[in-house]
file work-v4.tsv (TSV, C-alpha atoms)
chain	number	residue	atom	x	y	z
Z	1	MET	CA	-39.50	2.55	23.28
Z	2	LYS	CA	-39.84	4.05	19.83
Z	3	GLU	CA	-37.73	2.43	17.14
Z	4	PHE	CA	-35.12	4.87	15.95
Z	5	ARG	CA	-34.21	5.24	12.31
Z	6	ILE	CA	-30.57	5.24	11.26
Z	7	LEU	CA	-29.33	6.13	7.79
Z	8	GLY	CA	-25.84	5.21	6.58
Z	9	VAL	CA	-24.47	7.33	3.74
Z	10	CYS	CA	-21.41	6.48	1.66
Z	11	GLY	CA	-20.10	6.92	-1.86
Z	12	ALA	CA	-22.03	4.03	-3.37
Z	13	GLY	CA	-24.45	3.10	-0.58
Z	14	LEU	CA	-23.15	-0.47	-0.65
Z	15	SER	CA	-20.22	-1.29	1.51
Z	16	THR	CA	-18.94	1.20	4.03
Z	17	SER	CA	-22.35	2.64	4.89
Z	18	THR	CA	-23.74	-0.86	5.40
Z	19	THR	CA	-20.76	-1.87	7.52
Z	20	VAL	CA	-21.10	1.26	9.64
Z	21	ALA	CA	-24.86	0.91	9.96
Z	22	ARG	CA	-24.65	-2.73	11.05
Z	23	THR	CA	-21.96	-1.94	13.59
Z	24	LEU	CA	-24.21	0.82	14.90
Z	25	GLN	CA	-27.21	-1.50	15.03
Z	26	VAL	CA	-25.26	-3.99	17.16
Z	27	GLY	CA	-24.06	-1.15	19.39
Z	28	MET	CA	-27.65	0.05	19.81
Z	29	GLN	CA	-28.83	-3.48	20.67
Z	30	GLU	CA	-26.10	-3.75	23.30
Z	31	ARG	CA	-27.37	-0.48	24.74
Z	32	SER	CA	-31.02	-1.60	24.49
Z	33	MET	CA	-31.95	1.02	21.90
Z	34	PRO	CA	-34.26	-0.39	19.23
Z	35	ALA	CA	-33.16	0.80	15.81
Z	36	GLN	CA	-33.78	0.12	12.14
Z	37	ILE	CA	-31.23	0.90	9.49
Z	38	ARG	CA	-31.14	1.93	5.89
Z	39	THR	CA	-28.27	2.86	3.61
Z	40	CYS	CA	-27.92	5.01	0.53
Z	41	SER	CA	-25.33	6.62	-1.70
Z	42	VAL	CA	-24.33	10.23	-1.32
Z	43	GLN	CA	-26.17	11.01	-4.57
Z	44	GLU	CA	-29.40	9.58	-3.13
Z	45	ALA	CA	-28.90	11.11	0.31
Z	46	THR	CA	-31.04	14.23	0.14
Z	47	GLY	CA	-34.11	12.41	-1.23
Z	48	THR	CA	-33.70	9.48	1.13
Z	49	ILE	CA	-33.39	11.78	4.15
Z	50	GLU	CA	-36.60	13.56	3.14
Z	51	GLY	CA	-38.53	10.32	2.75
Z	52	TYR	CA	-37.05	8.27	5.60
Z	53	GLN	CA	-36.68	11.09	8.17
Z	54	PRO	CA	-33.84	9.34	10.02
Z	55	ASP	CA	-33.10	10.23	13.62
Z	56	VAL	CA	-29.39	9.84	13.01
Z	57	ILE	CA	-27.25	9.91	9.87
Z	58	LEU	CA	-23.85	8.25	9.80
Z	59	ALA	CA	-21.66	9.29	6.88
Z	60	THR	CA	-18.38	7.85	5.65
Z	61	VAL	CA	-18.14	10.73	3.20
Z	62	ALA	CA	-17.57	14.32	4.26
Z	63	THR	CA	-20.66	15.41	6.18
Z	64	THR	CA	-20.77	18.52	4.01
Z	65	SER	CA	-21.04	16.51	0.77
Z	66	PHE	CA	-24.83	16.23	0.89
Z	67	GLU	CA	-27.83	18.38	1.79
Z	68	ASN	CA	-29.65	17.49	4.98
Z	69	PRO	CA	-33.23	18.74	4.62
Z	70	SER	CA	-34.40	17.34	7.97
Z	71	ASP	CA	-33.38	17.87	11.58
Z	72	SER	CA	-31.49	14.56	11.52
Z	73	LYS	CA	-28.21	14.73	13.39
Z	74	VAL	CA	-25.20	13.82	11.26
Z	75	PHE	CA	-22.22	11.95	12.67
Z	76	SER	CA	-19.08	10.69	10.96
Z	77	GLY	CA	-19.30	6.90	10.72
Z	78	VAL	CA	-15.54	6.48	10.34
Z	79	PRO	CA	-14.94	5.63	14.04
Z	80	LEU	CA	-17.24	2.63	13.63
Z	81	LEU	CA	-15.02	1.36	10.81
Z	82	THR	CA	-11.66	1.97	12.44
Z	83	GLY	CA	-12.60	1.24	16.03
Z	84	ILE	CA	-10.88	4.44	17.15
Z	85	GLY	CA	-13.42	6.28	19.29
Z	86	SER	CA	-16.19	3.86	18.39
Z	87	ASP	CA	-17.50	3.28	21.95
Z	88	GLU	CA	-17.47	7.02	22.59
Z	89	LEU	CA	-19.43	7.62	19.38
Z	90	LEU	CA	-21.99	4.90	20.24
Z	91	ASP	CA	-22.48	6.43	23.70
Z	92	GLU	CA	-22.82	9.89	22.17
Z	93	ILE	CA	-25.49	8.66	19.72
Z	94	VAL	CA	-27.41	6.89	22.51
Z	95	ASP	CA	-27.29	10.04	24.64
Z	96	TYR	CA	-28.55	12.06	21.70
Z	97	LEU	CA	-31.43	9.66	20.97
Z	98	LYS	CA	-32.41	9.55	24.65
Z	99	SER	CA	-32.43	13.34	24.86
Z	100	LYS	CA	-34.50	13.46	21.68
Z	101	SER	CA	-37.12	11.00	22.95
Z	102	ALA	CA	-37.31	12.51	26.43
W	1	MET	CA	-20.09	-15.76	11.64
W	2	ILE	CA	-18.36	-15.63	8.23
W	3	GLY	CA	-19.95	-18.13	5.87
W	4	THR	CA	-17.94	-20.48	3.70
W	5	GLU	CA	-19.05	-18.59	0.63
W	6	ASP	CA	-17.58	-15.35	1.96
W	7	LEU	CA	-14.34	-17.03	3.00
W	8	GLU	CA	-14.04	-18.29	-0.56
W	9	LEU	CA	-13.64	-14.67	-1.68
W	10	LEU	CA	-10.19	-14.71	-0.08
W	11	LYS	CA	-7.84	-16.56	-2.39
W	12	PRO	CA	-4.10	-16.48	-3.08
W	13	GLU	CA	-4.57	-15.34	-6.70
W	14	LEU	CA	-6.14	-12.15	-5.31
W	15	VAL	CA	-3.43	-11.42	-2.76
W	16	PHE	CA	-0.57	-9.27	-4.05
W	17	VAL	CA	2.58	-8.78	-1.99
W	18	ASP	CA	4.95	-7.57	-4.71
W	19	ILE	CA	3.33	-4.33	-5.88
W	20	ASP	CA	5.68	-1.36	-5.48
W	21	ALA	CA	3.67	1.80	-6.16
W	22	VAL	CA	4.54	5.49	-5.84
W	23	ASP	CA	0.93	6.64	-5.37
W	24	THR	CA	-2.66	5.46	-5.55
W	25	GLU	CA	-2.89	5.87	-9.33
W	26	ASP	CA	0.23	3.76	-9.83
W	27	LEU	CA	-1.17	1.19	-7.41
W	28	PHE	CA	-4.53	1.04	-9.20
W	29	ARG	CA	-2.82	0.69	-12.60
W	30	GLN	CA	-0.80	-2.26	-11.40
W	31	MET	CA	-3.85	-3.84	-9.80
W	32	GLN	CA	-5.84	-3.34	-13.00
W	33	ALA	CA	-3.32	-5.30	-15.07
W	34	ARG	CA	-3.59	-8.28	-12.74
W	35	LEU	CA	-7.33	-8.23	-12.07
W	36	ASP	CA	-8.10	-7.73	-15.74
W	37	SER	CA	-5.99	-10.71	-16.79
W	38	MET	CA	-8.11	-12.87	-14.47
W	39	GLY	CA	-11.38	-11.49	-15.81
W	40	TYR	CA	-12.64	-9.88	-12.60
W	41	ILE	CA	-13.05	-6.33	-13.86
W	42	LYS	CA	-14.56	-4.30	-16.67
W	43	ASP	CA	-12.75	-1.84	-18.95
W	44	ASN	CA	-13.97	1.16	-16.94
W	45	TRP	CA	-12.51	-0.14	-13.66
W	46	LEU	CA	-9.45	2.14	-13.49
W	47	ASP	CA	-11.37	5.34	-14.27
W	48	ALA	CA	-14.14	4.40	-11.85
W	49	MET	CA	-11.67	3.62	-9.06
W	50	LEU	CA	-9.68	6.82	-9.56
W	51	GLU	CA	-12.80	8.96	-9.61
W	52	ARG	CA	-14.29	7.34	-6.52
W	53	GLU	CA	-11.05	7.68	-4.58
W	54	ARG	CA	-10.77	11.32	-5.62
W	55	ASN	CA	-14.33	12.13	-4.55
W	56	TYR	CA	-14.69	9.79	-1.57
W	57	ALA	CA	-11.34	8.76	-0.18
W	58	THR	CA	-10.96	5.45	1.63
W	59	GLY	CA	-7.88	5.70	3.84
W	60	LEU	CA	-8.52	4.50	7.39
W	61	GLN	CA	-6.12	4.82	10.29
W	62	THR	CA	-6.93	1.89	12.56
W	63	PRO	CA	-5.51	1.45	16.08
W	64	THR	CA	-2.80	-0.76	14.60
W	65	ILE	CA	-1.98	0.16	10.98
W	66	GLY	CA	-3.05	2.39	8.12
W	67	VAL	CA	-5.38	0.61	5.69
W	68	ALA	CA	-7.34	1.65	2.63
W	69	ILE	CA	-10.46	0.07	1.18
W	70	PRO	CA	-10.73	1.51	-2.36
W	71	HIS	CA	-13.75	0.36	-4.34
W	72	ALA	CA	-16.15	1.46	-7.03
W	73	ASP	CA	-19.40	0.09	-8.37
W	74	ASN	CA	-20.51	-0.89	-11.87
W	75	CYS	CA	-17.01	-1.89	-12.96
W	76	VAL	CA	-16.82	-5.48	-11.75
W	77	ASN	CA	-17.50	-8.70	-13.68
W	78	LYS	CA	-17.53	-11.05	-10.71
W	79	ALA	CA	-17.37	-10.33	-7.01
W	80	TYR	CA	-13.93	-10.43	-5.46
W	81	ILE	CA	-11.88	-9.14	-2.56
W	82	ALA	CA	-8.27	-8.33	-3.40
W	83	VAL	CA	-5.74	-7.91	-0.60
W	84	ILE	CA	-2.61	-5.92	-1.36
W	85	LYS	CA	0.35	-5.70	0.98
W	86	PRO	CA	2.43	-3.20	-0.97
W	87	VAL	CA	6.22	-3.28	-0.91
W	88	LYS	CA	6.12	0.15	0.72
W	89	PRO	CA	3.13	2.00	2.18
W	90	VAL	CA	0.91	3.93	-0.25
W	91	THR	CA	-0.48	7.31	0.77
W	92	PHE	CA	-4.29	7.59	0.78
W	93	GLN	CA	-6.49	10.51	1.76
W	94	PRO	CA	-8.57	9.91	4.90
W	95	MET	CA	-12.15	8.68	4.58
W	96	GLY	CA	-14.74	11.31	5.40
W	97	GLY	CA	-12.12	14.01	4.92
W	98	ILE	CA	-11.24	13.84	8.62
W	99	GLY	CA	-7.70	13.58	9.91
W	100	ASP	CA	-4.31	13.16	8.31
W	101	GLU	CA	-3.21	11.32	5.19
W	102	VAL	CA	-3.08	7.60	5.77
W	103	SER	CA	0.03	5.60	5.05
W	104	ALA	CA	-1.60	2.35	3.96
W	105	GLU	CA	0.34	-0.82	4.68
W	106	LEU	CA	-2.58	-2.97	3.64
W	107	VAL	CA	-5.06	-2.24	0.87
W	108	ILE	CA	-8.31	-4.14	0.52
W	109	ASN	CA	-10.14	-3.70	-2.76
W	110	LEU	CA	-13.76	-4.73	-2.60
W	111	GLY	CA	-15.08	-5.86	-5.94
W	112	ILE	CA	-18.65	-4.99	-5.19
W	113	MET	CA	-21.77	-6.63	-6.56
W	114	ARG	CA	-25.18	-5.98	-5.11
W	115	GLU	CA	-26.28	-8.80	-2.80
W	116	GLY	CA	-22.67	-9.86	-2.47
W	117	GLY	CA	-21.02	-11.11	0.69
W	118	GLN	CA	-18.36	-8.42	0.65
W	119	VAL	CA	-19.98	-6.34	3.37
W	120	GLU	CA	-19.77	-9.16	5.91
W	121	MET	CA	-16.16	-9.69	4.92
W	122	LEU	CA	-15.34	-5.99	5.23
W	123	GLN	CA	-16.93	-5.88	8.66
W	124	ALA	CA	-14.98	-8.95	9.78
W	125	LEU	CA	-11.70	-7.58	8.41
W	126	MET	CA	-12.24	-4.27	10.17
W	127	ARG	CA	-12.71	-6.18	13.42
W	128	ILE	CA	-9.36	-7.89	12.86
W	129	PHE	CA	-7.66	-4.51	12.36
W	130	MET	CA	-8.63	-3.55	15.90
W	131	ASP	CA	-6.70	-6.54	17.26
W	132	ASP	CA	-2.95	-5.81	17.68
W	133	ALA	CA	-1.90	-9.45	17.83
W	134	ALA	CA	-3.92	-10.46	14.77
W	135	VAL	CA	-2.55	-7.57	12.72
W	136	ALA	CA	1.04	-8.35	13.76
W	137	ASP	CA	0.48	-11.96	12.74
W	138	ILE	CA	-0.99	-10.99	9.35
W	139	MET	CA	1.67	-8.38	8.58
W	140	ALA	CA	4.42	-10.92	9.34
W	141	GLN	CA	3.28	-13.14	6.44
W	142	LYS	CA	5.21	-12.86	3.19
W	143	THR	CA	3.40	-15.02	0.64
W	144	PRO	CA	-0.16	-14.94	-0.70
W	145	ASN	CA	-0.82	-18.47	0.55
W	146	ASP	CA	0.34	-17.66	4.07
W	147	LEU	CA	-1.61	-14.39	4.09
W	148	VAL	CA	-4.82	-16.11	3.07
W	149	ALA	CA	-4.34	-18.88	5.63
W	150	THR	CA	-3.55	-16.40	8.41
W	151	ILE	CA	-6.44	-14.06	7.63
W	152	LYS	CA	-8.83	-17.01	7.46
W	153	ALA	CA	-7.53	-18.29	10.80
W	154	HIS	CA	-8.29	-14.93	12.40
W	155	LEU	CA	-11.72	-14.73	10.76
W	156	ALA	CA	-12.74	-18.13	12.06
call {"tool": "encode", "arguments": {"input": "work-v4.tsv", "output": "structure tokens"}}
result
Amino acid sequence: MKEFRILGVCGAGLSTSTTVARTLQVGMQERSMPAQIRTCSVQEATGTIEGYQPDVILATVATTSFENPSDSKVFSGVPLLTGIGSDELLDEIVDYLKSKSA
Amino acid sequence: MIGTEDLELLKPELVFVDIDAVDTEDLFRQMQARLDSMGYIKDNWLDAMLERERNYATGLQTPTIGVAIPHADNCVNKAYIAVIKPVKPVTFQPMGGIGDEVSAELVINLGIMREGGQVEMLQALMRIFMDDAAVADIMAQKTPNDLVATIKAHLA
């Protein structure tokens, strides 16, 4: 299967986006979805999205706080930090990626 | 899973249980006085923290308690993780702008350096917050020493 690209976006591109992205990567492995991750700050987001062309973007900032110049689908990464709704979000992302690759 | 080096970031001198703050700015001011006296932070820390929190809020409502993980970059002298159990909850805005205000009973301030171990620690702490029994155990502790010992026990 194709390796999916995940981008985590947060205020500084250091802590919460990395935490969210790693949690997502583990969730993808558990669901047998190969994925690579990258993180960036909200200031870098637009340029990074253009260059990296992620399949999925997970943001811990408001999803309206950056431009999304690609057809990447944007999800809030907050459930992966708090655990509230995290399994549902992981399933939703997997369903989305499967529908995209079908 | 958590290396010794990361566990070393948790220390009693960085655990504050006696801060009584009316809002986030008051909380940050009181934290600044303590962190600065120990040499962890730069002069721009307070401004950087306030601006980051204003632009990208860090309140998180976990299944068990409200927490907040305020942090900012380029204002830290040496990596640290400060744990604050305020005398009364401090109101934070929700991360990602989604949901209600968060009444934070525990505040974790990541003193971030690139290549630091703080991300692993944050991830491990967030896992603890999903565990009712672990959170009850941690919130029952009253002193910095007991808090550090209890958190470490649940991380191990």
call {"tool": "closest_atom_pairs", "arguments": {"input": "work-v4.tsv", "of": "range 4-47 of chain Z", "to": "range 127-134 of chain W", "cutoff": "12 Å", "atoms": "all atoms listed in the file", "output": "JSON lines"}}
result
{"residue": "Z:Thr19", "atom": "CA", "partner": "W:Arg127", "partner_atom": "CA", "distance": 10.9}
{"residue": "Z:Val20", "atom": "CA", "partner": "W:Arg127", "partner_atom": "CA", "distance": 11.8}
{"residue": "Z:Thr23", "atom": "CA", "partner": "W:Arg127", "partner_atom": "CA", "distance": 10.2}
call {"tool": "axis_aligned_box", "arguments": {"input": "work-v4.tsv", "around": "range 17-27 of chain W", "padding_each_side": "3 Å", "output": "lines of an AutoDock Vina configuration file"}}
result
center_x = 1.4
center_y = -1.1
center_z = -5.9
size_x = 14.6
size_y = 21.4
size_z = 13.8
call {"tool": "atom_distance", "arguments": {"input": "work-v4.tsv", "atom1": "CA of Ala82 in chain W", "atom2": "CA of Ala33 in chain W"}}
result
13.0 Å
call {"tool": "interface_residues", "arguments": {"input": "work-v4.tsv", "of": "chain Z", "to": "chain W", "cutoff": "7 Å", "atoms": "all atoms listed in the file", "output": "VMD selection string"}}
result
chain Z and resid 11 to 12 15 18 to 19 60 to 62 78 81 to 84
call {"tool": "write_last_selection", "arguments": {"input": "work-v4.tsv", "atoms": "C-alpha atoms", "output": "PDB file, keeping the file's coordinate frame"}}
result
ATOM      1  CA  GLY Z  11     -20.100   6.920  -1.860  1.00  0.00           C
ATOM      2  CA  ALA Z  12     -22.030   4.030  -3.370  1.00  0.00           C
ATOM      3  CA  SER Z  15     -20.220  -1.290   1.510  1.00  0.00           C
ATOM      4  CA  THR Z  18     -23.740  -0.860   5.400  1.00  0.00           C
ATOM      5  CA  THR Z  19     -20.760  -1.870   7.520  1.00  0.00           C
ATOM      6  CA  THR Z  60     -18.380   7.850   5.650  1.00  0.00           C
ATOM      7  CA  VAL Z  61     -18.140  10.730   3.200  1.00  0.00           C
ATOM      8  CA  ALA Z  62     -17.570  14.320   4.260  1.00  0.00           C
ATOM      9  CA  VAL Z  78     -15.540   6.480  10.340  1.00  0.00           C
ATOM     10  CA  LEU Z  81     -15.020   1.360  10.810  1.00  0.00           C
ATOM     11  CA  THR Z  82     -11.660   1.970  12.440  1.00  0.00           C
ATOM     12  CA  GLY Z  83     -12.600   1.240  16.030  1.00  0.00           C
ATOM     13  CA  ILE Z  84     -10.880   4.440  17.150  1.00  0.00           C
TER      14      ILE Z  84
END
call {"tool": "closest_residue", "arguments": {"input": "work-v4.tsv", "among": "Z:Leu24, Z:Ser72, Z:Thr64, Z:Ile37", "to": "Ser86 in chain Z", "atoms": "all atoms listed in the file"}}
result
Z:Leu24
call {"tool": "closest_residue", "arguments": {"input": "work-v4.tsv", "among": "Z:Ser41, Z:Thr16, Z:Gln29, Z:Ser99", "to": "Phe66 in chain Z", "atoms": "only C-alpha atoms"}}
result
Z:Ser41
call {"tool": "atom_distance", "arguments": {"input": "work-v4.tsv", "atom1": "CA of Lys2 in chain Z", "atom2": "CA of Pro34 in chain Z"}}
result
7.2 Å
call {"tool": "closest_residue", "arguments": {"input": "work-v4.tsv", "among": "Z:Pro54, Z:Met33, Z:Met28, Z:Glu44", "to": "Leu7 in chain Z", "atoms": "only C-alpha atoms"}}
result
Z:Pro54
call {"tool": "closest_residue", "arguments": {"input": "work-v4.tsv", "among": "W:Glu13, W:Ala136, W:Leu50, W:Asp23", "to": "Ser37 in chain W", "atoms": "all atoms listed in the file"}}
result
W:Glu13
call {"tool": "atom_distance", "arguments": {"input": "work-v4.tsv", "atom1": "CA of Phe16 in chain W", "atom2": "CA of Glu101 in chain W"}}
result
22.7 Å
call {"tool": "closest_residue", "arguments": {"input": "work-v4.tsv", "among": "W:Ile84, W:Val107, W:Ala156, W:Val102", "to": "Pro70 in chain W", "atoms": "only C-alpha atoms"}}
result
W:Val107
call {"tool": "build_atoms", "arguments": {"input": "work-v4.tsv", "residues": "range 131-149 of chain W", "atoms": "N, CA, C and O atoms", "output": "mmCIF file, keeping the file's coordinate frame"}}
result
data_model
loop_
_atom_site.group_PDB
_atom_site.id
_atom_site.type_symbol
_atom_site.label_atom_id
_atom_site.label_comp_id
_atom_site.auth_asym_id
_atom_site.auth_seq_id
_atom_site.Cartn_x
_atom_site.Cartn_y
_atom_site.Cartn_z
ATOM 1 N N ASP W 131 -7.355 -5.554 16.399
ATOM 2 C CA ASP W 131 -6.700 -6.540 17.260
ATOM 3 C C ASP W 131 -5.194 -6.533 16.967
ATOM 4 O O ASP W 131 -4.743 -7.041 15.948
ATOM 5 N N ASP W 132 -4.412 -5.955 17.886
ATOM 6 C CA ASP W 132 -2.950 -5.810 17.680
ATOM 7 C C ASP W 132 -2.282 -7.124 17.294
ATOM 8 O O ASP W 132 -1.486 -7.178 16.355
ATOM 9 N N ALA W 133 -2.597 -8.183 18.037
ATOM 10 C CA ALA W 133 -1.900 -9.450 17.830
ATOM 11 C C ALA W 133 -2.237 -10.029 16.455
ATOM 12 O O ALA W 133 -1.361 -10.529 15.743
ATOM 13 N N ALA W 134 -3.502 -9.926 16.072
ATOM 14 C CA ALA W 134 -3.920 -10.460 14.770
ATOM 15 C C ALA W 134 -3.239 -9.703 13.639
ATOM 16 O O ALA W 134 -2.759 -10.300 12.667
ATOM 17 N N VAL W 135 -3.173 -8.377 13.764
ATOM 18 C CA VAL W 135 -2.550 -7.570 12.720
ATOM 19 C C VAL W 135 -1.050 -7.891 12.618
ATOM 20 O O VAL W 135 -0.510 -8.054 11.527
ATOM 21 N N ALA W 136 -0.385 -8.024 13.768
ATOM 22 C CA ALA W 136 1.040 -8.350 13.760
ATOM 23 C C ALA W 136 1.262 -9.691 13.058
ATOM 24 O O ALA W 136 2.189 -9.855 12.255
ATOM 25 N N ASP W 137 0.388 -10.631 13.343
ATOM 26 C CA ASP W 137 0.480 -11.960 12.740
ATOM 27 C C ASP W 137 0.303 -11.879 11.218
ATOM 28 O O ASP W 137 1.091 -12.435 10.450
ATOM 29 N N ILE W 138 -0.709 -11.116 10.785
ATOM 30 C CA ILE W 138 -0.990 -10.990 9.350
ATOM 31 C C ILE W 138 0.151 -10.261 8.642
ATOM 32 O O ILE W 138 0.621 -10.684 7.582
ATOM 33 N N MET W 139 0.635 -9.174 9.241
ATOM 34 C CA MET W 139 1.670 -8.380 8.580
ATOM 35 C C MET W 139 3.009 -9.127 8.523
ATOM 36 O O MET W 139 3.888 -8.775 7.737
ATOM 37 N N ALA W 140 3.177 -10.150 9.351
ATOM 38 C CA ALA W 140 4.420 -10.920 9.340
ATOM 39 C C ALA W 140 4.464 -11.916 8.183
ATOM 40 O O ALA W 140 5.518 -12.468 7.871
ATOM 41 N N GLN W 141 3.324 -12.144 7.531
ATOM 42 C CA GLN W 141 3.280 -13.140 6.440
ATOM 43 C C GLN W 141 3.835 -12.539 5.154
ATOM 44 O O GLN W 141 3.623 -11.369 4.866
ATOM 45 N N LYS W 142 4.527 -13.369 4.380
ATOM 46 C CA LYS W 142 5.210 -12.860 3.190
ATOM 47 C C LYS W 142 4.623 -13.374 1.874
ATOM 48 O O LYS W 142 4.848 -12.778 0.827
ATOM 49 N N THR W 143 3.901 -14.459 1.902
ATOM 50 C CA THR W 143 3.400 -15.020 0.640
ATOM 51 C C THR W 143 1.877 -14.969 0.612
ATOM 52 O O THR W 143 1.220 -14.960 1.661
ATOM 53 N N PRO W 144 1.303 -14.932 -0.592
ATOM 54 C CA PRO W 144 -0.160 -14.940 -0.700
ATOM 55 C C PRO W 144 -0.810 -16.112 0.021
ATOM 56 O O PRO W 144 -1.809 -15.942 0.724
ATOM 57 N N ASN W 145 -0.234 -17.300 -0.113
ATOM 58 C CA ASN W 145 -0.820 -18.470 0.550
ATOM 59 C C ASN W 145 -0.851 -18.305 2.063
ATOM 60 O O ASN W 145 -1.845 -18.599 2.718
ATOM 61 N N ASP W 146 0.271 -17.833 2.612
ATOM 62 C CA ASP W 146 0.340 -17.660 4.070
ATOM 63 C C ASP W 146 -0.599 -16.546 4.532
ATOM 64 O O ASP W 146 -1.220 -16.643 5.595
ATOM 65 N N LEU W 147 -0.708 -15.487 3.721
ATOM 66 C CA LEU W 147 -1.610 -14.390 4.090
ATOM 67 C C LEU W 147 -3.053 -14.872 4.122
ATOM 68 O O LEU W 147 -3.797 -14.575 5.065
ATOM 69 N N VAL W 148 -3.449 -15.608 3.107
ATOM 70 C CA VAL W 148 -4.820 -16.110 3.070
ATOM 71 C C VAL W 148 -5.085 -17.027 4.266
ATOM 72 O O VAL W 148 -6.097 -16.891 4.965
ATOM 73 N N ALA W 149 -4.151 -17.929 4.523
ATOM 74 C CA ALA W 149 -4.340 -18.880 5.630
ATOM 75 C C ALA W 149 -4.431 -18.135 6.963
ATOM 76 O O ALA W 149 -5.276 -18.448 7.811
#
